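Each remark here refers to the structure printed beneath this line.
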Amino acid sequence: MFSTLFAIGFALVAPRTVVASCAHGVEWIHPFSATVNGTVAIPAFSYGTTTGPLNWHNLNTNNTLCGNGTNQSPILLNTTTSRAPYGSITLNVPITDSAVLVNLGTNVEVILNGTLKAANSTWKLLQFHFHTPSEHRIDLAHHEAEIHFVFTASDGSAKLAVLAFFVQVEDEHTTPVIEDILSYLPDVQIPGTTTQVHAVDMSAFQEHANKLSYYAYTGSLTTPPCSESVSWFIATSPIPLYIKVYKALKDTTKTNNRYTQDNPGQTSNIESTIPEKNWVVPTRHKGGSSSH
């Protein structure tokens with residue numbers, strides 16, 4: 001989640017700025033430069049062992065909150081979780097001739113324009129991206145995937161909001177615009193590659209989204225630097241996606257969800273379980289034993 005959003009008329013014939021998922025870098029946003037062949041730099045963190053969630057706080061001094069934050073995301077959701085007033089969420093994504101699909105290695109995201117009205121504020125859409133499986137859980141259970149629409153405050157401040165949707169895999173129903181966008185995945189199978197997505201019409205999606213109810217809480221980015229004070233709005237009902245489309249997404253993103261954090265106001269799970277501030281994931285020798 002990030003600072004400046006490049007114009008949606010992104011051209012792959014000249015270097016431009018691509019805003020990447022859930023904030024990688026100084027403050028909220030780390031811009032990535034797309035080269036003439038459309039490639040972008042991929043982030044240093046991952047969902048693996050040595051650079052995965054348990055060690056994000058050691059990868060960069062900006063990532064301290066990944067280890068000791070007190071309002072970290074994702075969290076468990078249930079019937080007691082607070083909700084936004086019904087009808088107070090308004091998503092607007094204009095029809096566009098072209099958007100950009102980016103494979104960051106840790107994620108795939110779509111960059112296009114839009115706005116959100118929520119929490120008595122107006123927000124500008126930066127991008128949306130996918131996590132498989134879901135990061136938030138309802139009554140302890142994951143959904144197959146979770147989509148995050150990431151917004152920055154229209155007043156120019158560094159405030160961020162995330163509008164999230166769970167994905168439920170189905171045989172007979174799907175969400176057409178998401179299916180259409182993900183049909184471009186074969187063009188970005190190599191991390192760092194981008195492609196143009198043509199004729200994106202989210203009218204039906206946003207009409208449906210604006211009728212849903214939403215969980216609401218204040219949390220953090222779910223990727224480094226895990227910055228806090230992020231306004232979260234999570235739809236209580238999932239959207240459908242065909243199995244074959246989900247499999248194509250999963251084959252590309254692999255597993256890219258951060259583990260559940262403590263309740264808001266409590267210290268990050270890492271801080272409470274790892275007393276050594278400079279703890280790193282131990283290396284493993286060929287014989288199978290871990291080094292100490």
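Letters A, B, ... mark the chains of the structure tokens in the order given; residue numbers begin at 1 per chain; ligand numbers begin at 1, in order shown.
Those residues that approach Thr39 of chain A to within 7 Å, counting only C-alpha atoms, are A:Gly192, A:Thr193, A:Thr194; same-chain residues fewer than 6 positions away are not listed.
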Please produce an output containing C-alpha atoms for each residue in the selection, written as a PDB file, in the first residue's frame.
ATOM      1  CA  GLY A 192       8.230  -9.202 -12.236  1.00  0.00           C
ATOM      2  CA  THR A 193       6.173  -9.244 -15.432  1.00  0.00           C
ATOM      3  CA  THR A 194       3.177  -7.069 -16.281  1.00  0.00           C
TER       4      THR A 194
END
**OP:** Write out as a PyMOL selection string which residues come within 7 Å of Ile89 of chain A when counting only C-alpha atoms, dropping same-chain ones fewer than 4 positions away.
**Re:** chain A and resi 117-118+210
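The residue set within 6 Å of Glu146 of chain A, counting only C-alpha atoms and dropping same-chain residues fewer than 4 places from it, reads Phe130, His131, Ser134, Phe165, Phe166 and Val167 of chain A.
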Expected file: the selected residues, C-alpha atoms, as a PDB file, in the first residue's frame:
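Result file out-v6.pdb:
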ATOM      1  CA  PHE A 130      -5.281 -11.529  -4.047  1.00  0.00           C
ATOM      2  CA  HIS A 131      -4.323 -13.743  -1.100  1.00  0.00           C
ATOM      3  CA  SER A 134      -7.773 -15.854   2.933  1.00  0.00           C
ATOM      4  CA  PHE A 165     -13.873  -9.709  -0.131  1.00  0.00           C
ATOM      5  CA  PHE A 166     -13.686 -13.400   0.676  1.00  0.00           C
ATOM      6  CA  VAL A 167     -13.763 -15.778  -2.280  1.00  0.00           C
TER       7      VAL A 167
END
Original post:
What are the DSSP strand (DSSP E or B) residues of segment 5-253 of chain A, as a ChimeraX atom specification?
Top reply: /A:16-19,31-34,76-77,83,90-92,96-103,108-111,115-118,121-131,137-138,141,145-153,160-170,194-200,214-220,228-235,239-242
Original post:
Excluding same-chain residues fewer than 3 positions from Leu77 of chain A, what lies within 9 Å of it counting only C-alpha atoms, as a ChimeraX atom specification?
Top reply: /A:80-81,136-140,215
Original post:
Counting only C-alpha atoms, what is within 9 Å of Ile95 of chain A, bar same-chain residues fewer than 6 positions away, as a VMD selection string?
Top reply: chain A and resid 199 to 203
Subject >> 10 Å contact set for His198 of chain A, only C-alpha atoms, chain neighbours under 4 positions out, as a count of residues only >> reply: 8
Subject >> Minimum-distance residue to Ile75 of chain A, chosen among A:Val93, A:Leu160, A:Val169, A:Ala141 (using only C-alpha atoms) >> reply: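 The closest residue to Ile75 of chain A is A:Ala141.
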Subject >> alpha helix (DSSP H) residues, from DSSP on the backbone, in segment 123-276 of chain A, as JSON, numbers by chain >> reply: {"A": [176, 177, 178, 179, 180, 181, 182, 203, 204, 205, 206, 207, 208, 209, 243, 244, 245, 246, 247, 248, 249, 250, 251, 252, 253, 269, 270, 271, 272, 273]}
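Atom CA of His208 of chain A sits 16.4 Å away from atom CA of Pro85 of chain A.
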**OP:** Work out how far atom CA of Val197 of chain A is from atom CA of Pro94 of chain A, in Å to one decimal.
**Re:**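 For atom CA of Pro94 of chain A relative to atom CA of Val197 of chain A, the distance reads 14.5 Å.
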**OP:** Find the residues around Thr115 of chain A up to 6 Å (only C-alpha atoms counted), leave out those fewer than 5 positions away in its own chain, and share them as an MDAnalysis selection string.
**Re:** chainID A and resid 92 123:125
Using only C-alpha atoms, please write the residues we just selected to a file, as an mmCIF file, in the first residue's frame.
data_model
loop_
_atom_site.group_PDB
_atom_site.id
_atom_site.type_symbol
_atom_site.label_atom_id
_atom_site.label_comp_id
_atom_site.auth_asym_id
_atom_site.auth_seq_id
_atom_site.Cartn_x
_atom_site.Cartn_y
_atom_site.Cartn_z
ATOM 1 C CA ASN A 92 -17.041 3.262 -7.586
ATOM 2 C CA TRP A 123 -10.621 7.251 -0.637
ATOM 3 C CA LYS A 124 -8.783 6.784 -3.956
ATOM 4 C CA LEU A 125 -8.169 3.279 -5.273
#
Show me, as a tab-separated table, the residues of segment 123-234 of chain A having an atom within 10 Å of segment 51-61 of chain A, each with the closest atom pair and its distance in Å, using only C-alpha atoms.
residue	atom	partner	partner_atom	distance
A:Thr222	CA	A:Pro53	CA	9.4
A:Thr223	CA	A:Pro53	CA	8.1
A:Pro224	CA	A:Trp56	CA	6.7
A:Pro225	CA	A:His57	CA	8.0
A:Cys226	CA	A:His57	CA	9.0
Output the selection as a compact mmCIF listing (two decimals), in the first residue's frame - C-alpha atoms for each residue.
# COMPACT_ATOMS: atom_id res chain seq x y z
CA THR A 222 -0.63 -7.48 6.12
CA THR A 223 2.77 -7.21 4.43
CA PRO A 224 5.94 -5.29 5.41
CA PRO A 225 6.25 -2.71 6.85
CA CYS A 226 3.03 -3.76 8.66
**OP:** Provide the atom CA of Thr218 of chain A to atom CA of Trp232 of chain A distance in Å, to one decimal place.
**Re:**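 One can read the atom CA of Thr218 of chain A to atom CA of Trp232 of chain A distance as 5.9 Å.
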**OP:** Go through A:Ser227, A:Ser213, A:Ser82, A:Ser237 and flag the residue nearest Asn62 of chain A, using only C-alpha atoms for the distances.
**Re:**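 When distances to Asn62 of chain A are compared using only C-alpha atoms, the smallest one comes from A:Ser227.
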Subject >> Pick from A:Ser88, A:Asn113, A:Ser46, A:Thr236, whichever lies nearest to Ala164 of chain A using only C-alpha atoms >> reply: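 Residue with the minimum atom-to-atom distance to Ala164 of chain A: A:Thr236.
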